[in-house]
Amino acid sequence: MKIVRVEAVPLSIPCRYGAEGWTLGAGGWKALDFCLVRVDTDAGITGWGEAFSYSCRRAVVAALTDMIAPIAVGRDATDIAGLHAEIQKRLHIFGRFGITAFALSGLDIALWDIAGKAASKPLHALLGGARREHLSCYASLLRYADISLVARYCEQALGEGFGAIKLHEVSEPVIAAARAVVPREAALLLDVNCEWSVEEAIAVGRRLAPMGLEWFEEPVFPPEDGTGLRAVGEACGIPIAAGENCCFATQFAALFDAGAVQYAQPSVTKVGGVTEFRKVAALAAERGIKLAPHSPYFGPGALATLHLIAALAPAARFEYFYLWADAALYGDLLVPARGDVKVPQGPGLGADPDPDVLRRFRVD
Ligand SMILES: [Mg+2]
């Protein structure tokens, strides 16, 4: 089965999260950027993948179109590992991590979708089988930087049935306001997106320790500072989570070697797709490190994460990005009900994107 076409499908879907002002790179959260990856084969099977592209959509589209598609077209769609390894090697000179890894992740996910469809099996069956039919989600709140807003949205998420909430806040009074409304029987996670130096993170972490946070995510900059992460965890006694900014299993191995994390957070649209996520899962299992996949996604990356958690990390929750978009690619498949989502059971990823949404929200 040969790959006959690899196409980037860029989308922008407006969204709201209840506040404004939280930026990502030079962009923000007024719309969800997507770089979907459509792969067609000569067997008539089409696969869909997703490359991370929030606030970097055009760069990822260019990497996919100009650097990856020309290598992939004409190749055997069933040799995922071989093609993936060759692309990593041929593109290493352009930067091992970041945009090229995001684009390769999108191709990889699409090829696994094709593999599942060709076998008439859901992706999780190719990964050893689902150990769960439903997954618990955590509500991953965006940054409000406001005491009353954070309390309001924590209460709203709890009322909808979420049993765990993640904050993206860096102000201690705002974090305390959330803890005041999230009861101790619900998990509270804190992600500060690499806000502090090691010394600052230790100081803040010691003050936060009595709050009983389940994890302290990416407390320091730079994210690959494994020694610093370990020092923060040891000093404040809160389990450390990190890894959404690691690409490929090699970067996770370095974090693990440093004793940096208790929770590893591979992100399927960034880490190198299903192929590299599996390697990270195996490495984490060997080292006794828990998996907590990063998945603030609403496309094929979200579906792939559901299959990966169900098969390889059944104790993990699914990260549900707590925002409201103007359209959904899969109807209500990814909308949690009482804090749970179903593991898809159809072939491959289990669903294809809604063609009407692709048409309405396609951008350049
Ligand atoms: Mg994070």
# chains A, B, ... in the order shown; residues from 1 in each chain; ligands from 1
$ select_by_dssp --residues "stretch 68-304 of chain A" --states "strand (DSSP E or B)" --output "number ranges by chain"
A: 76, 122, 134-140, 164-167, 187-191, 196, 216-217, 220, 240-242, 263-264, 267, 290-291, 294
$ write_last_selection --atoms "C-alpha atoms" --output "tab-separated table (two decimals), in the first residue's frame"
chain	number	residue	atom	x	y	z
A	76	ASP	CA	5.03	2.05	1.72
A	122	PRO	CA	-9.31	0.43	16.37
A	134	HIS	CA	-14.22	5.12	29.31
A	135	LEU	CA	-11.58	7.55	30.48
A	136	SER	CA	-11.86	10.10	33.25
A	137	CYS	CA	-10.96	13.59	32.12
A	138	TYR	CA	-9.45	16.47	33.94
A	139	ALA	CA	-10.68	19.95	33.14
A	140	SER	CA	-7.61	21.85	31.97
A	164	ALA	CA	-9.95	16.75	38.65
A	165	ILE	CA	-8.97	20.26	37.61
A	166	LYS	CA	-5.77	21.72	36.28
A	167	LEU	CA	-4.89	25.37	36.64
A	187	ALA	CA	-7.52	16.45	42.39
A	188	LEU	CA	-6.01	19.87	41.79
A	189	LEU	CA	-3.07	20.09	39.38
A	190	LEU	CA	-0.94	23.15	38.73
A	191	ASP	CA	0.80	23.97	35.44
A	196	TRP	CA	10.26	30.42	37.15
A	216	PHE	CA	3.49	20.70	39.83
A	217	GLU	CA	3.87	20.96	36.03
A	220	VAL	CA	11.12	25.95	35.63
A	240	ILE	CA	6.78	16.98	39.23
A	241	ALA	CA	5.13	16.63	35.81
A	242	ALA	CA	6.82	17.60	32.54
A	263	TYR	CA	4.68	12.19	35.75
A	264	ALA	CA	5.82	12.06	32.12
A	267	SER	CA	2.09	15.01	23.66
A	290	LYS	CA	3.58	7.51	35.61
A	291	LEU	CA	2.23	8.75	32.28
A	294	HIS	CA	-0.59	16.20	27.29
$ residues_around --residues "A:Glu224" --least-positions-apart "2" --cutoff "10 Å" --atoms "only C-alpha atoms" --output "PDB file with all heavy atoms, in the first residue's frame"
ATOM      1  N   CYS A 194       6.630  26.740  32.741  1.00  0.00           N
ATOM      2  CA  CYS A 194       8.052  27.147  32.776  1.00  0.00           C
ATOM      3  C   CYS A 194       8.250  28.583  33.241  1.00  0.00           C
ATOM      4  O   CYS A 194       9.163  29.282  32.779  1.00  0.00           O
ATOM      5  CB  CYS A 194       8.703  26.960  31.400  1.00  0.00           C
ATOM      6  SG  CYS A 194       8.515  25.314  30.728  1.00  0.00           S
ATOM      7  N   GLU A 218       5.858  21.656  34.875  1.00  0.00           N
ATOM      8  CA  GLU A 218       6.809  22.562  34.241  1.00  0.00           C
ATOM      9  C   GLU A 218       7.087  23.805  35.089  1.00  0.00           C
ATOM     10  O   GLU A 218       6.876  24.936  34.640  1.00  0.00           O
ATOM     11  CB  GLU A 218       6.305  22.956  32.845  1.00  0.00           C
ATOM     12  CG  GLU A 218       6.365  21.810  31.856  1.00  0.00           C
ATOM     13  CD  GLU A 218       6.384  22.265  30.392  1.00  0.00           C
ATOM     14  OE1 GLU A 218       5.563  23.110  30.023  1.00  0.00           O
ATOM     15  OE2 GLU A 218       7.261  21.793  29.644  1.00  0.00           O
ATOM     16  N   VAL A 220       9.932  25.140  35.925  1.00  0.00           N
ATOM     17  CA  VAL A 220      11.124  25.947  35.632  1.00  0.00           C
ATOM     18  C   VAL A 220      11.379  26.123  34.136  1.00  0.00           C
ATOM     19  O   VAL A 220      10.965  25.312  33.305  1.00  0.00           O
ATOM     20  CB  VAL A 220      12.408  25.339  36.272  1.00  0.00           C
ATOM     21  CG1 VAL A 220      12.195  25.118  37.763  1.00  0.00           C
ATOM     22  CG2 VAL A 220      12.813  24.041  35.605  1.00  0.00           C
ATOM     23  N   PHE A 221      12.079  27.199  33.836  1.00  0.00           N
ATOM     24  CA  PHE A 221      12.616  27.419  32.489  1.00  0.00           C
ATOM     25  C   PHE A 221      14.131  27.260  32.561  1.00  0.00           C
ATOM     26  O   PHE A 221      14.743  27.774  33.494  1.00  0.00           O
ATOM     27  CB  PHE A 221      12.250  28.827  31.977  1.00  0.00           C
ATOM     28  CG  PHE A 221      12.703  29.035  30.548  1.00  0.00           C
ATOM     29  CD1 PHE A 221      11.917  28.614  29.497  1.00  0.00           C
ATOM     30  CD2 PHE A 221      13.941  29.614  30.276  1.00  0.00           C
ATOM     31  CE1 PHE A 221      12.348  28.766  28.191  1.00  0.00           C
ATOM     32  CE2 PHE A 221      14.371  29.756  28.969  1.00  0.00           C
ATOM     33  CZ  PHE A 221      13.579  29.339  27.925  1.00  0.00           C
ATOM     34  N   PRO A 222      14.755  26.555  31.593  1.00  0.00           N
ATOM     35  CA  PRO A 222      14.118  25.929  30.430  1.00  0.00           C
ATOM     36  C   PRO A 222      13.495  24.581  30.766  1.00  0.00           C
ATOM     37  O   PRO A 222      13.879  23.952  31.752  1.00  0.00           O
ATOM     38  CB  PRO A 222      15.297  25.761  29.460  1.00  0.00           C
ATOM     39  CG  PRO A 222      16.492  25.581  30.339  1.00  0.00           C
ATOM     40  CD  PRO A 222      16.238  26.458  31.546  1.00  0.00           C
ATOM     41  N   GLY A 226      16.446  19.108  33.574  1.00  0.00           N
ATOM     42  CA  GLY A 226      16.080  17.965  34.413  1.00  0.00           C
ATOM     43  C   GLY A 226      16.620  18.076  35.825  1.00  0.00           C
ATOM     44  O   GLY A 226      15.944  17.724  36.795  1.00  0.00           O
ATOM     45  N   THR A 227      17.847  18.566  35.950  1.00  0.00           N
ATOM     46  CA  THR A 227      18.443  18.723  37.287  1.00  0.00           C
ATOM     47  C   THR A 227      17.639  19.722  38.109  1.00  0.00           C
ATOM     48  O   THR A 227      17.381  19.516  39.304  1.00  0.00           O
ATOM     49  CB  THR A 227      19.904  19.205  37.143  1.00  0.00           C
ATOM     50  OG1 THR A 227      20.556  18.343  36.206  1.00  0.00           O
ATOM     51  CG2 THR A 227      20.638  19.173  38.462  1.00  0.00           C
ATOM     52  N   GLY A 228      17.239  20.805  37.464  1.00  0.00           N
ATOM     53  CA  GLY A 228      16.441  21.829  38.150  1.00  0.00           C
ATOM     54  C   GLY A 228      15.080  21.295  38.562  1.00  0.00           C
ATOM     55  O   GLY A 228      14.603  21.541  39.679  1.00  0.00           O
ATOM     56  N   LEU A 229      14.435  20.542  37.663  1.00  0.00           N
ATOM     57  CA  LEU A 229      13.124  19.964  37.989  1.00  0.00           C
ATOM     58  C   LEU A 229      13.236  19.041  39.198  1.00  0.00           C
ATOM     59  O   LEU A 229      12.409  19.065  40.106  1.00  0.00           O
ATOM     60  CB  LEU A 229      12.576  19.186  36.784  1.00  0.00           C
ATOM     61  CG  LEU A 229      12.112  20.026  35.591  1.00  0.00           C
ATOM     62  CD1 LEU A 229      11.816  19.124  34.392  1.00  0.00           C
ATOM     63  CD2 LEU A 229      10.879  20.851  35.940  1.00  0.00           C
ATOM     64  N   ALA A 242       6.240  16.857  33.667  1.00  0.00           N
ATOM     65  CA  ALA A 242       6.817  17.599  32.544  1.00  0.00           C
ATOM     66  C   ALA A 242       6.941  16.670  31.349  1.00  0.00           C
ATOM     67  O   ALA A 242       6.825  15.450  31.483  1.00  0.00           O
ATOM     68  CB  ALA A 242       8.195  18.174  32.911  1.00  0.00           C
ATOM     69  N   GLY A 243       7.168  17.265  30.199  1.00  0.00           N
ATOM     70  CA  GLY A 243       7.414  16.465  29.000  1.00  0.00           C
ATOM     71  C   GLY A 243       6.647  16.903  27.768  1.00  0.00           C
ATOM     72  O   GLY A 243       6.942  16.436  26.675  1.00  0.00           O
ATOM     73  N   ASN A 245       6.965  19.462  26.175  1.00  0.00           N
ATOM     74  CA  ASN A 245       7.900  20.126  25.260  1.00  0.00           C
ATOM     75  C   ASN A 245       9.080  19.240  24.859  1.00  0.00           C
ATOM     76  O   ASN A 245      10.035  19.735  24.264  1.00  0.00           O
ATOM     77  CB  ASN A 245       8.389  21.432  25.878  1.00  0.00           C
ATOM     78  CG  ASN A 245       7.264  22.459  25.872  1.00  0.00           C
ATOM     79  OD1 ASN A 245       6.720  22.765  24.820  1.00  0.00           O
ATOM     80  ND2 ASN A 245       6.882  22.955  27.035  1.00  0.00           N
ATOM     81  N   CYS A 246       8.996  17.966  25.188  1.00  0.00           N
ATOM     82  CA  CYS A 246      10.026  17.021  24.731  1.00  0.00           C
ATOM     83  C   CYS A 246       9.591  16.407  23.410  1.00  0.00           C
ATOM     84  O   CYS A 246       8.426  16.043  23.249  1.00  0.00           O
ATOM     85  CB  CYS A 246      10.208  15.883  25.730  1.00  0.00           C
ATOM     86  SG  CYS A 246      10.907  16.383  27.298  1.00  0.00           S
ATOM     87  N   GLN A 251      14.613  12.661  24.261  1.00  0.00           N
ATOM     88  CA  GLN A 251      14.532  13.756  25.232  1.00  0.00           C
ATOM     89  C   GLN A 251      13.887  13.289  26.540  1.00  0.00           C
ATOM     90  O   GLN A 251      14.237  13.778  27.608  1.00  0.00           O
ATOM     91  CB  GLN A 251      13.758  14.945  24.646  1.00  0.00           C
ATOM     92  CG  GLN A 251      14.600  15.782  23.680  1.00  0.00           C
ATOM     93  CD  GLN A 251      14.101  17.208  23.548  1.00  0.00           C
ATOM     94  OE1 GLN A 251      12.903  17.432  23.398  1.00  0.00           O
ATOM     95  NE2 GLN A 251      15.005  18.176  23.606  1.00  0.00           N
ATOM     96  N   PHE A 252      12.942  12.354  26.449  1.00  0.00           N
ATOM     97  CA  PHE A 252      12.378  11.798  27.684  1.00  0.00           C
ATOM     98  C   PHE A 252      13.422  11.002  28.452  1.00  0.00           C
ATOM     99  O   PHE A 252      13.481  11.053  29.681  1.00  0.00           O
ATOM    100  CB  PHE A 252      11.142  10.940  27.380  1.00  0.00           C
ATOM    101  CG  PHE A 252       9.905  11.755  27.251  1.00  0.00           C
ATOM    102  CD1 PHE A 252       9.497  12.231  26.020  1.00  0.00           C
ATOM    103  CD2 PHE A 252       9.152  12.090  28.369  1.00  0.00           C
ATOM    104  CE1 PHE A 252       8.360  13.013  25.901  1.00  0.00           C
ATOM    105  CE2 PHE A 252       8.017  12.875  28.272  1.00  0.00           C
ATOM    106  CZ  PHE A 252       7.615  13.337  27.023  1.00  0.00           C
ATOM    107  N   ALA A 254      16.498  11.557  28.669  1.00  0.00           N
ATOM    108  CA  ALA A 254      17.348  12.503  29.401  1.00  0.00           C
ATOM    109  C   ALA A 254      16.649  13.013  30.663  1.00  0.00           C
ATOM    110  O   ALA A 254      17.266  13.119  31.732  1.00  0.00           O
ATOM    111  CB  ALA A 254      17.729  13.671  28.484  1.00  0.00           C
ATOM    112  N   LEU A 255      15.363  13.314  30.551  1.00  0.00           N
ATOM    113  CA  LEU A 255      14.605  13.754  31.742  1.00  0.00           C
ATOM    114  C   LEU A 255      14.580  12.653  32.798  1.00  0.00           C
ATOM    115  O   LEU A 255      14.760  12.905  33.992  1.00  0.00           O
ATOM    116  CB  LEU A 255      13.150  14.055  31.364  1.00  0.00           C
ATOM    117  CG  LEU A 255      12.697  15.446  30.965  1.00  0.00           C
ATOM    118  CD1 LEU A 255      11.167  15.501  30.999  1.00  0.00           C
ATOM    119  CD2 LEU A 255      13.278  16.554  31.838  1.00  0.00           C
ATOM    120  N   ALA A 260      14.027  13.644  36.959  1.00  0.00           N
ATOM    121  CA  ALA A 260      13.339  14.938  36.957  1.00  0.00           C
ATOM    122  C   ALA A 260      11.863  14.857  37.292  1.00  0.00           C
ATOM    123  O   ALA A 260      11.308  15.796  37.861  1.00  0.00           O
ATOM    124  CB  ALA A 260      13.499  15.593  35.581  1.00  0.00           C
TER     125      ALA A 260
END
$ residues_around --residues "stretch 306-319 of chain A" --least-positions-apart "3" --cutoff "6 Å" --atoms "only C-alpha atoms" --output "MDAnalysis selection string"
chainID A and resid 124 129:132 136:138 292 295 303 343
$ residues_around --residues "A:Pro336" --least-positions-apart "3" --cutoff "9 Å" --atoms "only C-alpha atoms" --output "number ranges by chain"
A: 136-137, 160-162, 320, 332-333, 339-342
$ write_last_selection --atoms "C-alpha atoms" --output "short mmCIF file (atom, residue, chain, number, x, y, z; two decimals), in the first residue's frame"
data_model
loop_
_atom_site.label_atom_id
_atom_site.label_comp_id
_atom_site.auth_asym_id
_atom_site.auth_seq_id
_atom_site.Cartn_x
_atom_site.Cartn_y
_atom_site.Cartn_z
CA SER A 136 -11.86 10.10 33.25
CA CYS A 137 -10.96 13.59 32.12
CA GLU A 160 -20.28 19.31 35.25
CA GLY A 161 -18.81 16.22 36.89
CA PHE A 162 -15.07 16.67 36.46
CA TYR A 320 -9.76 18.17 28.33
CA ASP A 332 -19.80 15.37 20.55
CA LEU A 333 -17.34 12.44 20.55
CA GLY A 339 -16.25 14.07 33.30
CA ASP A 340 -15.82 10.94 31.16
CA VAL A 341 -15.14 10.29 27.48
CA LYS A 342 -15.61 7.03 25.61
#
$ residues_around --residues "stretch 269-273 of chain A" --least-positions-apart "5" --cutoff "9 Å" --atoms "only C-alpha atoms" --output "PyMOL selection string"
chain A and resi 49-53+84+97-99+101-110+112+243-249+278+280+295+297+300-302+304
$ write_last_selection --atoms "C-alpha atoms" --output "PDB file, in the first residue's frame"
ATOM      1  CA  GLY A  49      -3.250  13.032  11.632  1.00  0.00           C
ATOM      2  CA  GLU A  50      -2.683  16.243  13.576  1.00  0.00           C
ATOM      3  CA  ALA A  51       0.502  18.234  13.967  1.00  0.00           C
ATOM      4  CA  PHE A  52       0.771  20.642  16.894  1.00  0.00           C
ATOM      5  CA  SER A  53       0.128  24.103  15.470  1.00  0.00           C
ATOM      6  CA  HIS A  84       9.495   7.626  10.488  1.00  0.00           C
ATOM      7  CA  PHE A  97      12.904  19.275  18.012  1.00  0.00           C
ATOM      8  CA  GLY A  98      10.015  21.667  17.478  1.00  0.00           C
ATOM      9  CA  ILE A  99       8.314  22.447  14.171  1.00  0.00           C
ATOM     10  CA  ALA A 101       8.901  17.090  14.967  1.00  0.00           C
ATOM     11  CA  PHE A 102       5.345  18.481  15.099  1.00  0.00           C
ATOM     12  CA  ALA A 103       4.920  17.957  11.340  1.00  0.00           C
ATOM     13  CA  LEU A 104       6.358  14.425  11.521  1.00  0.00           C
ATOM     14  CA  SER A 105       3.983  13.674  14.420  1.00  0.00           C
ATOM     15  CA  GLY A 106       1.050  14.572  12.165  1.00  0.00           C
ATOM     16  CA  LEU A 107       2.204  12.208   9.416  1.00  0.00           C
ATOM     17  CA  ASP A 108       2.834   9.422  11.935  1.00  0.00           C
ATOM     18  CA  ILE A 109      -0.665   9.664  13.453  1.00  0.00           C
ATOM     19  CA  ALA A 110      -2.221   9.547   9.970  1.00  0.00           C
ATOM     20  CA  TRP A 112      -1.414   4.682  12.297  1.00  0.00           C
ATOM     21  CA  GLY A 243       7.414  16.465  29.000  1.00  0.00           C
ATOM     22  CA  GLU A 244       4.943  18.232  26.717  1.00  0.00           C
ATOM     23  CA  ASN A 245       7.900  20.126  25.260  1.00  0.00           C
ATOM     24  CA  CYS A 246      10.026  17.021  24.731  1.00  0.00           C
ATOM     25  CA  CYS A 247      10.241  15.601  21.254  1.00  0.00           C
ATOM     26  CA  PHE A 248      11.088  11.938  20.654  1.00  0.00           C
ATOM     27  CA  ALA A 249      11.921   9.348  23.304  1.00  0.00           C
ATOM     28  CA  ARG A 278       4.900   4.194  22.508  1.00  0.00           C
ATOM     29  CA  VAL A 280       8.148   6.925  25.847  1.00  0.00           C
ATOM     30  CA  SER A 295      -3.631  16.573  25.045  1.00  0.00           C
ATOM     31  CA  TYR A 297      -6.506  18.874  21.426  1.00  0.00           C
ATOM     32  CA  PRO A 300      -6.909  13.445  15.476  1.00  0.00           C
ATOM     33  CA  GLY A 301      -4.344  14.124  18.236  1.00  0.00           C
ATOM     34  CA  ALA A 302      -7.135  13.920  20.827  1.00  0.00           C
ATOM     35  CA  ALA A 304      -5.006   9.139  19.222  1.00  0.00           C
TER      36      ALA A 304
END
$ atom_distance --atom1 "atom CA of A:Ala145" --atom2 "atom CA of A:Ala31"
19.5 Å
$ atom_distance --atom1 "atom CA of A:Ile68" --atom2 "atom CA of A:Thr250"
20.8 Å
$ atom_distance --atom1 "atom CA of A:Pro10" --atom2 "atom CA of A:Asp364"
6.4 Å
$ closest_residue --among "A:Asp257, A:Glu195, A:Asp79, A:Asp42" --to "ligand 1" --atoms "only C-alpha atoms and all ligand atoms"
A:Glu195
$ closest_residue --among "A:Ala125, A:Val9, A:Ile147, A:Val61" --to "A:Pro353" --atoms "only C-alpha atoms"
A:Val9
$ closest_residue --among "A:Ile114, A:Ala19, A:Leu142, A:Met67" --to "ligand 1" --atoms "only C-alpha atoms and all ligand atoms"
A:Leu142
$ closest_residue --among "A:Asn193, A:Thr100, A:Gln88, A:Thr78" --to "ligand 1" --atoms "only C-alpha atoms and all ligand atoms"
A:Asn193
$ closest_residue --among "A:Pro266, A:Gly18, A:Pro355, A:Gly44" --to "A:Lys117" --atoms "only C-alpha atoms"
A:Gly44
$ decode --residues "stretch 295-313 of chain A" --atoms "N, CA, C and O atoms" --output "PDB file, in the first residue's frame"
ATOM      1  N   SER A 295      -2.704  16.690  26.187  1.00  0.00           N
ATOM      2  CA  SER A 295      -3.631  16.573  25.045  1.00  0.00           C
ATOM      3  C   SER A 295      -4.676  17.679  25.017  1.00  0.00           C
ATOM      4  O   SER A 295      -5.866  17.395  25.020  1.00  0.00           O
ATOM      5  N   PRO A 296      -4.261  18.938  24.951  1.00  0.00           N
ATOM      6  CA  PRO A 296      -5.264  20.002  24.835  1.00  0.00           C
ATOM      7  C   PRO A 296      -5.761  20.100  23.388  1.00  0.00           C
ATOM      8  O   PRO A 296      -5.722  21.167  22.779  1.00  0.00           O
ATOM      9  N   TYR A 297      -6.230  18.983  22.862  1.00  0.00           N
ATOM     10  CA  TYR A 297      -6.506  18.874  21.426  1.00  0.00           C
ATOM     11  C   TYR A 297      -7.952  18.497  21.163  1.00  0.00           C
ATOM     12  O   TYR A 297      -8.622  17.908  22.013  1.00  0.00           O
ATOM     13  N   PHE A 298      -8.370  18.804  19.927  1.00  0.00           N
ATOM     14  CA  PHE A 298      -9.754  18.529  19.526  1.00  0.00           C
ATOM     15  C   PHE A 298      -9.813  17.836  18.170  1.00  0.00           C
ATOM     16  O   PHE A 298     -10.864  17.757  17.562  1.00  0.00           O
ATOM     17  N   GLY A 299      -8.679  17.371  17.684  1.00  0.00           N
ATOM     18  CA  GLY A 299      -8.619  16.731  16.376  1.00  0.00           C
ATOM     19  C   GLY A 299      -8.090  15.308  16.505  1.00  0.00           C
ATOM     20  O   GLY A 299      -8.225  14.660  17.554  1.00  0.00           O
ATOM     21  N   PRO A 300      -7.446  14.808  15.437  1.00  0.00           N
ATOM     22  CA  PRO A 300      -6.909  13.445  15.476  1.00  0.00           C
ATOM     23  C   PRO A 300      -5.938  13.221  16.639  1.00  0.00           C
ATOM     24  O   PRO A 300      -5.832  12.089  17.133  1.00  0.00           O
ATOM     25  N   GLY A 301      -5.256  14.268  17.099  1.00  0.00           N
ATOM     26  CA  GLY A 301      -4.344  14.124  18.236  1.00  0.00           C
ATOM     27  C   GLY A 301      -5.098  13.742  19.504  1.00  0.00           C
ATOM     28  O   GLY A 301      -4.597  12.966  20.336  1.00  0.00           O
ATOM     29  N   ALA A 302      -6.314  14.277  19.657  1.00  0.00           N
ATOM     30  CA  ALA A 302      -7.135  13.920  20.827  1.00  0.00           C
ATOM     31  C   ALA A 302      -7.585  12.466  20.730  1.00  0.00           C
ATOM     32  O   ALA A 302      -7.497  11.707  21.699  1.00  0.00           O
ATOM     33  N   LEU A 303      -8.055  12.072  19.540  1.00  0.00           N
ATOM     34  CA  LEU A 303      -8.492  10.672  19.377  1.00  0.00           C
ATOM     35  C   LEU A 303      -7.330   9.711  19.620  1.00  0.00           C
ATOM     36  O   LEU A 303      -7.473   8.704  20.321  1.00  0.00           O
ATOM     37  N   ALA A 304      -6.171  10.023  19.035  1.00  0.00           N
ATOM     38  CA  ALA A 304      -5.006   9.139  19.222  1.00  0.00           C
ATOM     39  C   ALA A 304      -4.670   9.023  20.706  1.00  0.00           C
ATOM     40  O   ALA A 304      -4.337   7.930  21.196  1.00  0.00           O
ATOM     41  N   THR A 305      -4.770  10.134  21.439  1.00  0.00           N
ATOM     42  CA  THR A 305      -4.463  10.110  22.877  1.00  0.00           C
ATOM     43  C   THR A 305      -5.420   9.185  23.628  1.00  0.00           C
ATOM     44  O   THR A 305      -5.000   8.455  24.537  1.00  0.00           O
ATOM     45  N   LEU A 306      -6.695   9.191  23.244  1.00  0.00           N
ATOM     46  CA  LEU A 306      -7.651   8.292  23.916  1.00  0.00           C
ATOM     47  C   LEU A 306      -7.236   6.827  23.738  1.00  0.00           C
ATOM     48  O   LEU A 306      -7.265   6.039  24.687  1.00  0.00           O
ATOM     49  N   HIS A 307      -6.850   6.474  22.511  1.00  0.00           N
ATOM     50  CA  HIS A 307      -6.411   5.089  22.256  1.00  0.00           C
ATOM     51  C   HIS A 307      -5.129   4.770  23.038  1.00  0.00           C
ATOM     52  O   HIS A 307      -4.993   3.669  23.601  1.00  0.00           O
ATOM     53  N   LEU A 308      -4.206   5.706  23.042  1.00  0.00           N
ATOM     54  CA  LEU A 308      -2.922   5.468  23.727  1.00  0.00           C
ATOM     55  C   LEU A 308      -3.121   5.313  25.226  1.00  0.00           C
ATOM     56  O   LEU A 308      -2.527   4.426  25.861  1.00  0.00           O
ATOM     57  N   ILE A 309      -3.959   6.164  25.816  1.00  0.00           N
ATOM     58  CA  ILE A 309      -4.216   6.031  27.258  1.00  0.00           C
ATOM     59  C   ILE A 309      -4.896   4.689  27.537  1.00  0.00           C
ATOM     60  O   ILE A 309      -4.492   3.946  28.443  1.00  0.00           O
ATOM     61  N   ALA A 310      -5.922   4.375  26.734  1.00  0.00           N
ATOM     62  CA  ALA A 310      -6.691   3.144  26.996  1.00  0.00           C
ATOM     63  C   ALA A 310      -5.791   1.911  26.950  1.00  0.00           C
ATOM     64  O   ALA A 310      -5.964   0.979  27.729  1.00  0.00           O
ATOM     65  N   ALA A 311      -4.820   1.918  26.025  1.00  0.00           N
ATOM     66  CA  ALA A 311      -3.983   0.717  25.850  1.00  0.00           C
ATOM     67  C   ALA A 311      -2.726   0.737  26.707  1.00  0.00           C
ATOM     68  O   ALA A 311      -2.294  -0.299  27.198  1.00  0.00           O
ATOM     69  N   LEU A 312      -2.127   1.919  26.882  1.00  0.00           N
ATOM     70  CA  LEU A 312      -0.772   1.960  27.466  1.00  0.00           C
ATOM     71  C   LEU A 312      -0.694   2.662  28.817  1.00  0.00           C
ATOM     72  O   LEU A 312       0.307   2.507  29.517  1.00  0.00           O
ATOM     73  N   ALA A 313      -1.700   3.436  29.163  1.00  0.00           N
ATOM     74  CA  ALA A 313      -1.638   4.200  30.422  1.00  0.00           C
ATOM     75  C   ALA A 313      -3.015   4.268  31.066  1.00  0.00           C
ATOM     76  O   ALA A 313      -3.561   5.347  31.281  1.00  0.00           O
TER      77      ALA A 313
END
